[in-house]
Amino acid sequence: MGGLIIMSAGEPGPMNRPGSPARRPVRAVIFDAGNTLLRMNYGVIADHLRTRGRAASPEEVEEAELRARVRLDPHLAPGAASTESTVTHGRYLRYLLEHLAITDDGEIDAIARWRRGYNLPVGLWNRADPEALAAIRRVREAGRVAGVISNSNGSVRSILEETGLAAHLDFIIDSSVVGVEKPDPRIFQLGLREAGVAPAEAVYVGDLYSVDVLGARAAGLDGILASCRFLQLVASSPAPASSHFDTLPHLHATPELKAPCPDDKKFAVVAELAREFRSRFETIDIDGARILFPEGWGLVRASNTNPYLTLRFEGPTVEAVENMQRMVYDALRRFPYVTLPA
Ligand SMILES: [Mg+2]
């Protein structure tokens, strides 16, 4: 992580990507907290797994966490699940445990219960990254503002204080305190105001592409992915990057399906669908209707430019995908002007 930040703090070159808007010299570096300045306490996870008869070293937990994070990222695309939702936390832990060959549902549930009650309200994220302090100090010594924007539950300030990082930071913004979370551009705008700089003078450094990089860029900051540790892991192995995921259960997904629907009706259909499924399943209606079924998800969106709805489904088996698809198709049959895909 450190090398990347030191390279970016004010020097021309890497910040001025071809095709990006002209950027000014960097005056502020704003960091994410979890998995950027802070890391999970891998040791207590390893200790807990040992009490359940599962041998895993802290290093193995750390490696599993890196892989889990890369898999989690696409689920957090703008408009999808919140990083702070119970669905996201559950999925993250399940991915981590799968990489440690723990796939039994009962066992995963028991470990999830332990995690939800551990060390509240701080939880497992209470260790500073070994390079975090040096990175922040380099930014400050170069005369730049250093701040934090974190999706958190109100505890990030106290964690940064306890780990000794807060004293070196100019500001700390916690999503629970300000009431808006990444990737919403408004939380980045709050950071720019604290830093007293324009968007083109700030960079944001985080570990999740969907939330940190895309969110920062939408607010006009440059977003930098702190992914050197995963690259290091891949580089140290002779196998190709894709093989790091080969042992995992693969998900089945439909391609993007198109259902013709008149322009003046398509948005109302999606809104009605979201309303109907919300009574039975967690449903996100920020951009279309994303229905979180117990086994996977379905998404129905109205095309912005064309007279049709787009549909997608993803689940662990072909049968699960077909089941979810059938439920949504049944609901859509009530709208005679919608033509279902073959
Ligand atoms: Mg993070």
# chains A, B, ... in the order shown; residues from 1 in each chain; ligands from 1
>>> select_by_dssp(residues="segment 163-319 of chain A", states="helix (DSSP H, G or I)", output="PyMOL selection string")
chain A and resi 166-168+175-178+185-195+199-201+209-218+228-235+241-245+263-278+318-319
>>> write_last_selection(atoms="C-alpha atoms", output="tab-separated table (two decimals), in the first residue's frame")
chain	number	residue	atom	x	y	z
A	166	ALA	CA	-6.13	9.86	14.41
A	167	ALA	CA	-3.53	12.26	15.78
A	168	HIS	CA	-1.94	12.43	12.31
A	175	SER	CA	-20.96	7.53	7.25
A	176	SER	CA	-23.17	6.85	10.29
A	177	VAL	CA	-22.38	10.27	11.72
A	178	VAL	CA	-23.03	12.23	8.50
A	185	PRO	CA	-20.75	11.49	-4.10
A	186	ARG	CA	-22.09	13.62	-1.23
A	187	ILE	CA	-19.81	11.94	1.31
A	188	PHE	CA	-16.79	12.75	-0.88
A	189	GLN	CA	-18.01	16.35	-1.16
A	190	LEU	CA	-18.05	16.54	2.66
A	191	GLY	CA	-14.43	15.39	2.63
A	192	LEU	CA	-13.45	18.02	0.06
A	193	ARG	CA	-15.07	20.69	2.22
A	194	GLU	CA	-13.10	19.50	5.27
A	195	ALA	CA	-9.89	19.47	3.23
A	199	PRO	CA	-12.19	17.76	-6.49
A	200	ALA	CA	-9.35	17.87	-9.04
A	201	GLU	CA	-6.87	18.50	-6.22
A	209	TYR	CA	-13.27	-0.68	-6.76
A	210	SER	CA	-17.09	-0.46	-6.76
A	211	VAL	CA	-17.38	1.74	-3.71
A	212	ASP	CA	-14.11	3.61	-3.32
A	213	VAL	CA	-12.79	4.13	-6.85
A	214	LEU	CA	-16.08	4.57	-8.72
A	215	GLY	CA	-17.54	6.64	-5.87
A	216	ALA	CA	-14.55	8.99	-5.73
A	217	ARG	CA	-14.47	9.41	-9.51
A	218	ALA	CA	-18.19	10.23	-9.60
A	228	CYS	CA	-0.96	-4.17	-4.00
A	229	ARG	CA	-1.34	-6.91	-1.39
A	230	PHE	CA	-3.58	-8.98	-3.63
A	231	LEU	CA	-1.25	-8.40	-6.58
A	232	GLN	CA	1.63	-9.55	-4.38
A	233	LEU	CA	-0.29	-12.72	-3.56
A	234	VAL	CA	-0.99	-13.43	-7.22
A	235	ALA	CA	2.58	-12.56	-8.24
A	241	ALA	CA	-4.73	-15.14	-11.29
A	242	SER	CA	-7.98	-16.88	-12.30
A	243	SER	CA	-6.83	-20.10	-10.59
A	244	HIS	CA	-7.08	-18.38	-7.19
A	245	PHE	CA	-10.85	-18.75	-7.56
A	263	ASP	CA	-41.65	3.75	-22.74
A	264	ASP	CA	-44.50	5.41	-20.85
A	265	LYS	CA	-45.10	2.29	-18.74
A	266	LYS	CA	-41.65	0.82	-18.09
A	267	PHE	CA	-40.70	2.83	-14.96
A	268	ALA	CA	-44.12	2.25	-13.35
A	269	VAL	CA	-43.79	-1.50	-13.93
A	270	VAL	CA	-40.40	-1.59	-12.18
A	271	ALA	CA	-41.73	0.49	-9.26
A	272	GLU	CA	-44.75	-1.81	-8.91
A	273	LEU	CA	-42.53	-4.89	-9.02
A	274	ALA	CA	-40.24	-3.48	-6.31
A	275	ARG	CA	-43.29	-2.70	-4.15
A	276	GLU	CA	-44.67	-6.21	-4.56
A	277	PHE	CA	-41.41	-8.09	-3.80
A	278	ARG	CA	-40.47	-5.84	-0.87
A	318	VAL	CA	-29.29	-23.49	-12.59
A	319	GLU	CA	-32.45	-24.52	-10.70
>>> residues_around(residues="Gly106 of chain A", least_positions_apart="6", cutoff="12 Å", atoms="only C-alpha atoms", output="list in words")
Arg94, Ala112 and Arg113 of chain A
>>> residues_around(residues="Thr36 of chain A", least_positions_apart="6", cutoff="10 Å", atoms="only C-alpha atoms", output="short mmCIF file (atom, residue, chain, number, x, y, z; two decimals) with N, CA and C atoms, in the first residue's frame")
data_model
loop_
_atom_site.label_atom_id
_atom_site.label_comp_id
_atom_site.auth_asym_id
_atom_site.auth_seq_id
_atom_site.Cartn_x
_atom_site.Cartn_y
_atom_site.Cartn_z
N MET A 1 0.84 -1.20 0.00
CA MET A 1 0.00 0.00 0.00
C MET A 1 0.87 1.24 0.00
N ALA A 128 -4.24 -1.49 13.02
CA ALA A 128 -3.72 -0.60 11.98
C ALA A 128 -2.95 -1.42 10.97
N ASP A 129 -3.06 -1.08 9.69
CA ASP A 129 -2.18 -1.68 8.69
C ASP A 129 -0.76 -1.28 9.07
N GLU A 131 1.71 -0.38 7.51
CA GLU A 131 2.29 0.74 6.76
C GLU A 131 1.46 2.02 6.84
N ALA A 132 0.34 1.96 7.58
CA ALA A 132 -0.60 3.09 7.54
C ALA A 132 0.01 4.37 8.11
N VAL A 205 -8.05 6.99 -1.67
CA VAL A 205 -7.39 5.69 -1.71
C VAL A 205 -8.24 4.68 -0.95
N GLY A 206 -8.70 3.64 -1.62
CA GLY A 206 -9.51 2.63 -0.95
C GLY A 206 -9.29 1.26 -1.54
N ASP A 207 -9.92 0.25 -0.95
CA ASP A 207 -9.65 -1.13 -1.37
C ASP A 207 -10.77 -1.74 -2.20
N LEU A 208 -11.92 -1.07 -2.33
CA LEU A 208 -13.03 -1.65 -3.10
C LEU A 208 -13.27 -0.80 -4.36
N LEU A 225 -7.02 2.42 -6.31
CA LEU A 225 -7.30 1.14 -5.68
C LEU A 225 -6.04 0.66 -4.96
N ALA A 226 -6.15 0.46 -3.64
CA ALA A 226 -5.02 -0.04 -2.85
C ALA A 226 -5.06 -1.56 -2.90
N SER A 227 -4.55 -2.12 -3.98
CA SER A 227 -4.70 -3.57 -4.18
C SER A 227 -3.35 -4.26 -4.26
#
>>> residues_around(residues="segment 57-59 of chain A", least_positions_apart="2", cutoff="7 Å", atoms="only C-alpha atoms", output="NGL selection string")
:A and (42-43 or 46 or 55 or 61-63)
>>> write_last_selection(atoms="C-alpha atoms", output="PDB file, in the first residue's frame")
ATOM      1  CA  TYR A  42      -6.873 -12.037  11.699  1.00  0.00           C
ATOM      2  CA  GLY A  43      -5.448 -13.537  14.918  1.00  0.00           C
ATOM      3  CA  ALA A  46      -7.823 -17.895  13.727  1.00  0.00           C
ATOM      4  CA  ALA A  55      -6.885 -25.146  12.131  1.00  0.00           C
ATOM      5  CA  VAL A  61      -7.059 -16.046   7.403  1.00  0.00           C
ATOM      6  CA  GLU A  62      -5.443 -12.934   5.931  1.00  0.00           C
ATOM      7  CA  GLU A  63      -5.022 -14.595   2.547  1.00  0.00           C
TER       8      GLU A  63
END
>>> residues_around(residues="Ile291 of chain A", least_positions_apart="3", cutoff="9 Å", atoms="only C-alpha atoms", output="ChimeraX atom specification")
/A:274,277-278,281-285,296-300
>>> closest_residue(among="A:Tyr204, A:Glu141, A:Val29, A:Glu161", to="ligand 1", atoms="only C-alpha atoms and all ligand atoms")
A:Tyr204
>>> atom_distance(atom1="atom CA of Arg301 of chain A", atom2="atom CA of Lys258 of chain A")
9.7 Å
>>> atom_distance(atom1="atom CA of Ser150 of chain A", atom2="atom CA of Val122 of chain A")
13.4 Å
>>> closest_residue(among="A:Arg157, A:Arg137, A:Arg52, A:His99", to="Trp114 of chain A", atoms="only C-alpha atoms")
A:Arg52
>>> residues_around(residues="Val338 of chain A", least_positions_apart="4", cutoff="7 Å", atoms="only C-alpha atoms", output="number ranges by chain")
A: 259-261
>>> select_by_dssp(residues="segment 64-159 of chain A", states="strand (DSSP E)", output="list in words")
Arg127, Ala128, Val145, Ala146, Gly147, Val148, Ile149 and Ser150 of chain A
>>> write_last_selection(atoms="N, CA and C atoms", output="PDB file, in the first residue's frame")
ATOM      1  N   ARG A 127      -7.178  -3.240  13.978  1.00  0.00           N
ATOM      2  CA  ARG A 127      -5.723  -3.250  13.826  1.00  0.00           C
ATOM      3  C   ARG A 127      -5.308  -2.240  12.753  1.00  0.00           C
ATOM      4  N   ALA A 128      -4.245  -1.490  13.020  1.00  0.00           N
ATOM      5  CA  ALA A 128      -3.725  -0.597  11.980  1.00  0.00           C
ATOM      6  C   ALA A 128      -2.948  -1.423  10.966  1.00  0.00           C
ATOM      7  N   VAL A 145      -2.956  17.705   2.851  1.00  0.00           N
ATOM      8  CA  VAL A 145      -3.979  17.352   3.842  1.00  0.00           C
ATOM      9  C   VAL A 145      -4.173  15.833   3.804  1.00  0.00           C
ATOM     10  N   ALA A 146      -4.328  15.210   4.986  1.00  0.00           N
ATOM     11  CA  ALA A 146      -4.618  13.773   5.069  1.00  0.00           C
ATOM     12  C   ALA A 146      -5.910  13.568   5.849  1.00  0.00           C
ATOM     13  N   GLY A 147      -6.876  12.885   5.241  1.00  0.00           N
ATOM     14  CA  GLY A 147      -8.149  12.660   5.928  1.00  0.00           C
ATOM     15  C   GLY A 147      -8.656  11.243   5.718  1.00  0.00           C
ATOM     16  N   VAL A 148      -9.792  10.954   6.366  1.00  0.00           N
ATOM     17  CA  VAL A 148     -10.430   9.639   6.245  1.00  0.00           C
ATOM     18  C   VAL A 148     -11.909   9.817   5.941  1.00  0.00           C
ATOM     19  N   ILE A 149     -12.406   9.042   4.977  1.00  0.00           N
ATOM     20  CA  ILE A 149     -13.848   8.893   4.770  1.00  0.00           C
ATOM     21  C   ILE A 149     -14.132   7.398   4.859  1.00  0.00           C
ATOM     22  N   SER A 150     -14.984   7.009   5.808  1.00  0.00           N
ATOM     23  CA  SER A 150     -15.220   5.588   6.046  1.00  0.00           C
ATOM     24  C   SER A 150     -16.715   5.278   6.128  1.00  0.00           C
TER      25      SER A 150
END
>>> atom_distance(atom1="atom CA of Tyr92 of chain A", atom2="atom CA of Arg290 of chain A")
18.9 Å
>>> residues_around(residues="Ser85 of chain A", least_positions_apart="2", cutoff="12 Å", atoms="only C-alpha atoms", output="JSON, numbers by chain")
{"A": [75, 76, 80, 81, 82, 83, 87, 88, 89, 90, 91, 92, 151, 152, 153, 181, 282, 284]}
>>> closest_residue(among="A:Tyr118, A:Trp125, A:Tyr329, A:Phe335", to="ligand 1", atoms="only C-alpha atoms and all ligand atoms")
A:Trp125
